[in-house]
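Engineer: Here you go, query.tsv (TSV, N, CA and C atoms):
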chain	number	residue	atom	x	y	z
L	1	MET	N	84.75	43.22	154.35
L	1	MET	CA	84.58	42.39	153.17
L	1	MET	C	85.66	41.31	153.17
L	2	ASP	N	85.24	40.07	153.02
L	2	ASP	CA	86.16	38.95	153.04
L	2	ASP	C	86.62	38.64	151.61
L	3	ASN	N	87.92	38.72	151.36
L	3	ASN	CA	88.47	38.49	150.03
L	3	ASN	C	89.21	37.16	149.94
L	4	THR	N	88.76	36.18	150.66
L	4	THR	CA	89.47	34.91	150.65
L	4	THR	C	89.40	34.21	149.32
L	5	LEU	N	88.36	34.43	148.54
L	5	LEU	CA	88.24	33.76	147.26
L	5	LEU	C	89.16	34.35	146.21
L	6	VAL	N	89.55	35.58	146.35
L	6	VAL	CA	90.40	36.22	145.35
L	6	VAL	C	91.82	36.46	145.86
L	7	SER	N	92.18	35.92	147.00
L	7	SER	CA	93.50	36.17	147.57
L	7	SER	C	94.59	35.38	146.86
L	8	ASP	N	94.23	34.29	146.19
L	8	ASP	CA	95.21	33.48	145.50
L	8	ASP	C	95.44	34.05	144.11
L	9	ALA	N	96.68	34.38	143.79
L	9	ALA	CA	96.99	35.04	142.51
L	9	ALA	C	97.21	34.05	141.38
L	10	ARG	N	97.24	32.75	141.66
L	10	ARG	CA	97.47	31.77	140.61
L	10	ARG	C	96.22	31.56	139.77
L	11	PRO	N	96.40	31.14	138.51
L	11	PRO	CA	95.22	30.82	137.68
L	11	PRO	C	94.43	29.67	138.29
L	12	ALA	N	93.18	29.57	137.92
L	12	ALA	CA	92.25	28.62	138.55
L	12	ALA	C	92.70	27.17	138.46
L	13	GLY	N	93.27	26.73	137.35
L	13	GLY	CA	93.61	25.32	137.20
L	13	GLY	C	95.08	25.00	137.37
L	14	SER	N	95.86	25.91	137.93
L	14	SER	CA	97.30	25.70	137.97
L	14	SER	C	97.69	24.54	138.89
L	15	ASN	N	96.98	24.30	139.98
L	15	ASN	CA	97.31	23.17	140.85
L	15	ASN	C	97.11	21.85	140.13
L	16	HIS	N	96.06	21.75	139.34
L	16	HIS	CA	95.81	20.53	138.58
L	16	HIS	C	96.88	20.33	137.52
L	17	LEU	N	97.30	21.41	136.88
L	17	LEU	CA	98.34	21.32	135.87
L	17	LEU	C	99.65	20.84	136.49
L	18	LEU	N	99.98	21.34	137.67
L	18	LEU	CA	101.21	20.91	138.34
L	18	LEU	C	101.13	19.43	138.72
L	19	LYS	N	99.96	18.97	139.12
L	19	LYS	CA	99.79	17.55	139.44
L	19	LYS	C	99.97	16.69	138.20
L	20	ILE	N	99.39	17.13	137.09
L	20	ILE	CA	99.51	16.38	135.84
L	20	ILE	C	100.95	16.34	135.38
L	21	LEU	N	101.66	17.48	135.48
L	21	LEU	CA	103.07	17.50	135.10
L	21	LEU	C	103.90	16.62	136.02
L	22	GLY	N	103.58	16.60	137.29
L	22	GLY	CA	104.30	15.73	138.23
L	22	GLY	C	104.09	14.27	137.91
L	23	ILE	N	102.88	13.91	137.53
L	23	ILE	CA	102.60	12.53	137.14
L	23	ILE	C	103.35	12.19	135.86
L	24	GLY	N	103.37	13.12	134.92
L	24	GLY	CA	104.13	12.92	133.68
L	24	GLY	C	105.61	12.74	133.95
L	25	PHE	N	106.12	13.47	134.92
L	25	PHE	CA	107.52	13.34	135.33
L	25	PHE	C	107.78	11.91	135.83
L	26	GLY	N	106.91	11.42	136.69
L	26	GLY	CA	107.06	10.06	137.20
L	26	GLY	C	106.93	9.00	136.13
L	27	VAL	N	105.98	9.20	135.23
L	27	VAL	CA	105.79	8.24	134.13
L	27	VAL	C	107.02	8.22	133.23
L	28	SER	N	107.60	9.37	132.98
L	28	SER	CA	108.82	9.43	132.15
L	28	SER	C	109.97	8.69	132.82
L	29	ILE	N	110.07	8.81	134.12
L	29	ILE	CA	111.12	8.07	134.84
L	29	ILE	C	110.89	6.57	134.69
L	30	VAL	N	109.65	6.14	134.85
L	30	VAL	CA	109.34	4.71	134.74
L	30	VAL	C	109.63	4.20	133.33
L	31	PHE	N	109.16	4.92	132.31
L	31	PHE	CA	109.44	4.50	130.93
L	31	PHE	C	110.93	4.44	130.65
L	32	GLY	N	111.66	5.44	131.13
L	32	GLY	CA	113.10	5.45	130.93
L	32	GLY	C	113.79	4.29	131.60
L	33	VAL	N	113.40	4.00	132.84
L	33	VAL	CA	114.02	2.89	133.57
L	33	VAL	C	113.69	1.55	132.92
L	34	VAL	N	112.46	1.38	132.47
L	34	VAL	CA	112.07	0.12	131.83
L	34	VAL	C	112.87	-0.10	130.54
L	35	CYS	N	112.97	0.95	129.72
L	35	CYS	CA	113.73	0.82	128.48
L	35	CYS	C	115.21	0.61	128.74
L	36	LEU	N	115.75	1.31	129.73
L	36	LEU	CA	117.15	1.13	130.08
L	36	LEU	C	117.39	-0.28	130.60
L	37	ASP	N	116.41	-0.80	131.35
L	37	ASP	CA	116.53	-2.15	131.89
L	37	ASP	C	116.56	-3.20	130.79
L	38	LEU	N	115.87	-2.96	129.69
L	38	LEU	CA	115.94	-3.90	128.56
L	38	LEU	C	117.37	-4.04	128.07
L	39	PHE	N	118.06	-2.92	127.96
L	39	PHE	CA	119.45	-2.96	127.48
L	39	PHE	C	120.38	-3.58	128.52
L	40	VAL	N	120.19	-3.22	129.79
L	40	VAL	CA	121.06	-3.75	130.84
L	40	VAL	C	120.87	-5.26	130.99
L	41	LEU	N	119.63	-5.71	131.00
L	41	LEU	CA	119.36	-7.14	131.14
L	41	LEU	C	119.86	-7.91	129.93
L	42	GLY	N	119.71	-7.35	128.74
L	42	GLY	CA	120.22	-8.02	127.53
L	42	GLY	C	121.73	-8.17	127.55
L	43	ARG	N	122.41	-7.21	128.17
L	43	ARG	CA	123.87	-7.28	128.23
L	43	ARG	C	124.35	-8.16	129.38
L	44	LYS	N	123.68	-8.08	130.55
L	44	LYS	CA	124.11	-8.84	131.72
L	44	LYS	C	123.70	-10.31	131.65
L	45	GLU	N	122.51	-10.56	131.16
L	45	GLU	CA	121.96	-11.91	131.16
L	45	GLU	C	121.49	-12.30	129.75
L	46	PRO	N	122.40	-12.44	128.80
L	46	PRO	CA	121.96	-12.74	127.43
L	46	PRO	C	121.41	-14.15	127.26
L	47	HIS	N	121.72	-15.05	128.18
L	47	HIS	CA	121.29	-16.44	128.05
L	47	HIS	C	119.90	-16.71	128.64
L	48	LEU	N	119.33	-15.75	129.36
L	48	LEU	CA	118.01	-15.96	129.96
L	48	LEU	C	116.94	-16.10	128.87
L	49	PRO	N	115.99	-17.00	129.08
L	49	PRO	CA	114.88	-17.09	128.12
L	49	PRO	C	114.01	-15.84	128.21
L	50	ARG	N	113.56	-15.36	127.09
L	50	ARG	CA	112.71	-14.17	127.03
L	50	ARG	C	111.29	-14.59	126.68
L	51	PRO	N	110.37	-14.54	127.67
L	51	PRO	CA	108.99	-14.95	127.39
L	51	PRO	C	108.23	-13.92	126.57
L	52	TYR	N	108.83	-12.80	126.31
L	52	TYR	CA	108.18	-11.75	125.53
L	52	TYR	C	109.21	-11.15	124.57
L	53	GLN	N	108.73	-10.50	123.56
L	53	GLN	CA	109.60	-9.80	122.62
L	53	GLN	C	109.31	-8.31	122.71
L	54	ALA	N	110.34	-7.50	122.75
L	54	ALA	CA	110.19	-6.06	122.69
L	54	ALA	C	110.11	-5.67	121.22
L	55	ILE	N	109.01	-5.05	120.84
L	55	ILE	CA	108.81	-4.70	119.44
L	55	ILE	C	109.88	-3.71	119.02
L	56	GLY	N	110.55	-3.99	117.90
L	56	GLY	CA	111.60	-3.11	117.40
L	56	GLY	C	112.76	-2.99	118.36
L	57	TYR	N	113.12	-4.11	119.02
L	57	TYR	CA	114.14	-4.07	120.07
L	57	TYR	C	115.41	-3.41	119.57
L	58	GLN	N	115.93	-2.63	120.34
L	58	GLN	CA	117.10	-1.78	120.27
L	58	GLN	C	116.78	-0.44	119.63
L	59	ILE	N	115.91	-0.39	118.64
L	59	ILE	CA	115.60	0.91	118.04
L	59	ILE	C	114.47	1.59	118.79
L	60	LEU	N	113.34	0.92	118.92
L	60	LEU	CA	112.18	1.53	119.58
L	60	LEU	C	112.43	1.81	121.07
L	61	PRO	N	112.99	0.88	121.84
L	61	PRO	CA	113.29	1.23	123.24
L	61	PRO	C	114.30	2.38	123.35
L	62	ALA	N	115.25	2.47	122.43
L	62	ALA	CA	116.20	3.58	122.45
L	62	ALA	C	115.51	4.91	122.16
L	63	VAL	N	114.54	4.89	121.23
L	63	VAL	CA	113.79	6.11	120.93
L	63	VAL	C	112.95	6.53	122.13
L	64	VAL	N	112.29	5.57	122.78
L	64	VAL	CA	111.48	5.88	123.96
L	64	VAL	C	112.37	6.40	125.10
L	65	LEU	N	113.54	5.81	125.27
L	65	LEU	CA	114.49	6.28	126.28
L	65	LEU	C	114.94	7.71	125.99
L	66	LEU	N	115.20	8.01	124.74
L	66	LEU	CA	115.60	9.37	124.35
L	66	LEU	C	114.48	10.37	124.60
L	67	ILE	N	113.25	10.00	124.23
L	67	ILE	CA	112.10	10.89	124.44
L	67	ILE	C	111.89	11.13	125.94
L	68	ALA	N	112.00	10.08	126.75
L	68	ALA	CA	111.84	10.23	128.20
L	68	ALA	C	112.92	11.15	128.76
L	69	ALA	N	114.15	11.01	128.28
L	69	ALA	CA	115.24	11.86	128.76
L	69	ALA	C	115.01	13.32	128.36
L	70	VAL	N	114.55	13.55	127.13
L	70	VAL	CA	114.27	14.91	126.68
L	70	VAL	C	113.14	15.52	127.51
L	71	PHE	N	112.11	14.74	127.78
L	71	PHE	CA	111.00	15.24	128.60
L	71	PHE	C	111.47	15.59	130.01
L	72	LEU	N	112.30	14.72	130.61
L	72	LEU	CA	112.78	14.99	131.96
L	72	LEU	C	113.65	16.24	132.01
L	73	VAL	N	114.53	16.41	131.04
L	73	VAL	CA	115.37	17.60	130.99
L	73	VAL	C	114.50	18.84	130.81
L	74	GLY	N	113.54	18.77	129.90
L	74	GLY	CA	112.64	19.90	129.68
L	74	GLY	C	111.84	20.25	130.92
L	75	TYR	N	111.40	19.23	131.66
L	75	TYR	CA	110.64	19.48	132.88
L	75	TYR	C	111.51	20.15	133.93
L	76	VAL	N	112.74	19.67	134.09
L	76	VAL	CA	113.64	20.24	135.09
L	76	VAL	C	114.00	21.68	134.73
L	77	VAL	N	114.24	21.95	133.44
L	77	VAL	CA	114.60	23.31	133.02
L	77	VAL	C	113.42	24.26	133.18
L	78	SER	N	112.22	23.81	132.81
L	78	SER	CA	111.06	24.70	132.83
L	78	SER	C	110.45	24.87	134.22
L	79	ASN	N	110.66	23.89	135.09
L	79	ASN	CA	110.02	23.93	136.39
L	79	ASN	C	110.97	23.36	137.45
L	80	PRO	N	112.05	24.07	137.79
L	80	PRO	CA	113.07	23.50	138.67
L	80	PRO	C	112.59	23.21	140.09
L	81	VAL	N	111.72	24.04	140.63
L	81	VAL	CA	111.27	23.83	142.02
L	81	VAL	C	110.43	22.56	142.12
L	82	ASN	N	109.44	22.43	141.25
L	82	ASN	CA	108.59	21.24	141.31
L	82	ASN	C	109.35	19.99	140.88
L	83	SER	N	110.35	20.12	140.02
L	83	SER	CA	111.13	18.94	139.65
L	83	SER	C	111.95	18.46	140.84
L	84	LEU	N	112.41	19.37	141.68
L	84	LEU	CA	113.12	18.94	142.89
L	84	LEU	C	112.17	18.21	143.84
L	85	TYR	N	110.94	18.70	143.96
L	85	TYR	CA	109.95	17.98	144.77
L	85	TYR	C	109.70	16.59	144.19
L	86	SER	N	109.56	16.50	142.88
L	86	SER	CA	109.30	15.21	142.24
L	86	SER	C	110.48	14.26	142.43
L	87	LEU	N	111.71	14.77	142.27
L	87	LEU	CA	112.89	13.93	142.49
L	87	LEU	C	112.99	13.49	143.94
L	88	ALA	N	112.59	14.36	144.87
L	88	ALA	CA	112.62	13.99	146.28
L	88	ALA	C	111.63	12.86	146.56
L	89	ILE	N	110.46	12.93	145.94
L	89	ILE	CA	109.46	11.87	146.12
L	89	ILE	C	109.98	10.56	145.56
L	90	VAL	N	110.59	10.61	144.38
L	90	VAL	CA	111.16	9.40	143.78
L	90	VAL	C	112.28	8.86	144.67
L	91	ALA	N	113.13	9.74	145.19
L	91	ALA	CA	114.25	9.32	146.03
L	91	ALA	C	113.78	8.69	147.34
L	92	MET	N	112.60	9.07	147.82
L	92	MET	CA	112.09	8.48	149.05
L	92	MET	C	111.77	7.00	148.89
L	93	PHE	N	111.55	6.56	147.67
L	93	PHE	CA	111.22	5.15	147.46
L	93	PHE	C	112.47	4.27	147.42
L	94	TYR	N	113.65	4.84	147.25
L	94	TYR	CA	114.86	4.03	147.18
L	94	TYR	C	115.13	3.27	148.48
L	95	PRO	N	115.01	3.90	149.66
L	95	PRO	CA	115.20	3.11	150.89
L	95	PRO	C	114.20	1.95	151.01
L	96	ALA	N	112.99	2.16	150.55
L	96	ALA	CA	112.00	1.07	150.58
L	96	ALA	C	112.44	-0.07	149.67
L	97	TYR	N	112.99	0.27	148.51
L	97	TYR	CA	113.50	-0.75	147.59
L	97	TYR	C	114.63	-1.53	148.23
L	98	ARG	N	115.58	-0.81	148.86
L	98	ARG	CA	116.71	-1.49	149.51
L	98	ARG	C	116.23	-2.38	150.65
L	99	LEU	N	115.24	-1.89	151.43
L	99	LEU	CA	114.70	-2.68	152.53
L	99	LEU	C	114.04	-3.95	152.01
L	100	LEU	N	113.25	-3.83	150.97
L	100	LEU	CA	112.59	-5.02	150.42
L	100	LEU	C	113.60	-6.00	149.84
L	101	LYS	N	114.64	-5.48	149.23
L	101	LYS	CA	115.68	-6.37	148.69
L	101	LYS	C	116.42	-7.07	149.83
L	102	TRP	N	116.67	-6.36	150.92
L	102	TRP	CA	117.34	-6.96	152.07
L	102	TRP	C	116.47	-8.01	152.73
L	103	VAL	N	115.16	-7.71	152.88
L	103	VAL	CA	114.23	-8.65	153.50
L	103	VAL	C	114.10	-9.92	152.66
L	104	SER	N	114.13	-9.77	151.34
L	104	SER	CA	113.97	-10.93	150.47
L	104	SER	C	115.25	-11.73	150.30
L	105	GLY	N	116.31	-11.35	150.96
L	105	GLY	CA	117.55	-12.12	150.91
L	105	GLY	C	118.57	-11.53	149.96
L	106	GLY	N	118.28	-10.39	149.38
L	106	GLY	CA	119.25	-9.72	148.51
L	106	GLY	C	119.43	-10.37	147.17
L	107	GLY	N	118.65	-11.38	146.88
L	107	GLY	CA	118.77	-12.04	145.60
L	107	GLY	C	118.13	-11.26	144.47
L	108	SER	N	118.32	-11.76	143.30
L	108	SER	CA	117.76	-11.13	142.13
L	108	SER	C	116.26	-11.41	142.06
L	109	VAL	N	115.54	-10.51	141.44
L	109	VAL	CA	114.09	-10.71	141.26
L	109	VAL	C	113.85	-11.81	140.24
L	110	ILE	N	114.77	-11.94	139.27
L	110	ILE	CA	114.63	-12.94	138.21
L	110	ILE	C	115.20	-14.26	138.70
L	111	GLU	N	114.40	-15.29	138.64
L	111	GLU	CA	114.83	-16.62	139.07
L	111	GLU	C	115.36	-17.38	137.88
L	112	THR	N	116.54	-17.97	138.03
L	112	THR	CA	117.09	-18.80	136.97
L	112	THR	C	116.88	-20.25	137.37
L	113	ALA	N	116.39	-21.02	136.45
L	113	ALA	CA	116.07	-22.41	136.74
L	113	ALA	C	117.25	-23.32	136.64
Reformat the file's structure so that it appears as structure tokens.
Structural biologist:
Amino acid sequence: MDNTLVSDARPAGSNHLLKILGIGFGVSIVFGVVCLDLFVLGRKEPHLPRPYQAIGYQILPAVVLLIAAVFLVGYVVSNPVNSLYSLAIVAMFYPAYRLLKWVSGGGSVIETA
């Protein structure tokens, strides 16, 4: 008798749940970096023209940054093995970022006129 269908002890949808949580982990990193970048850019380059307005600037981006940080901490605490895999995947993109920055001349992405 072949028991290949029942050999896996995990619940039926657990792989999909892990994928969804991994995507949520990545999205939280992106939201956190974007909100953090608003503060960094506002402090480093206050004279640059802003073609857009961040709604509720300083309060709403800070709240989103806090929520993203809480989610990331919760994910790491509740699922340390998969969070290490997710962090490894994110870390793999850093050399690509450095390579692209080097190829483009190392200049800033924002052009000042």
Engineer: Among segment 16-96 of chain L, which residues carry a DSSP assignment of helix (DSSP H, G or I), reported as number ranges by chain?
Structural biologist: L: 16-44, 60-78, 80-96
Engineer: Of the residues L:Leu100, L:Leu65, L:Asn15, L:Gln58, which is the one nearest to Leu36 of chain L, using all atoms listed in the file?
Structural biologist: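 Using all atoms listed in the file, Leu36 of chain L sits closest to L:Leu65.
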Engineer: Could you check which of L:Val81, L:Cys35, L:Val30, L:Ile89 is closest to Leu66 of chain L, using only C-alpha atoms?
Structural biologist: L:Cys35
Engineer: So how far away is atom CA of Gly22 of chain L from atom N of Gly56 of chain L, in Å?
Structural biologist: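 Between these atoms lies a distance of 29.0 Å.
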Engineer: In Å to one decimal, how far is atom C of Ser78 of chain L from atom C of Asp37 of chain L?
Structural biologist: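 Going from atom C of Asp37 of chain L over to atom C of Ser78 of chain L, I get 28.9 Å.
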Engineer: At what distance in Å, to one decimal, does atom N of Tyr75 of chain L lie from atom N of Val90 of chain L?
Structural biologist: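 Between these atoms lies a distance of 15.4 Å.
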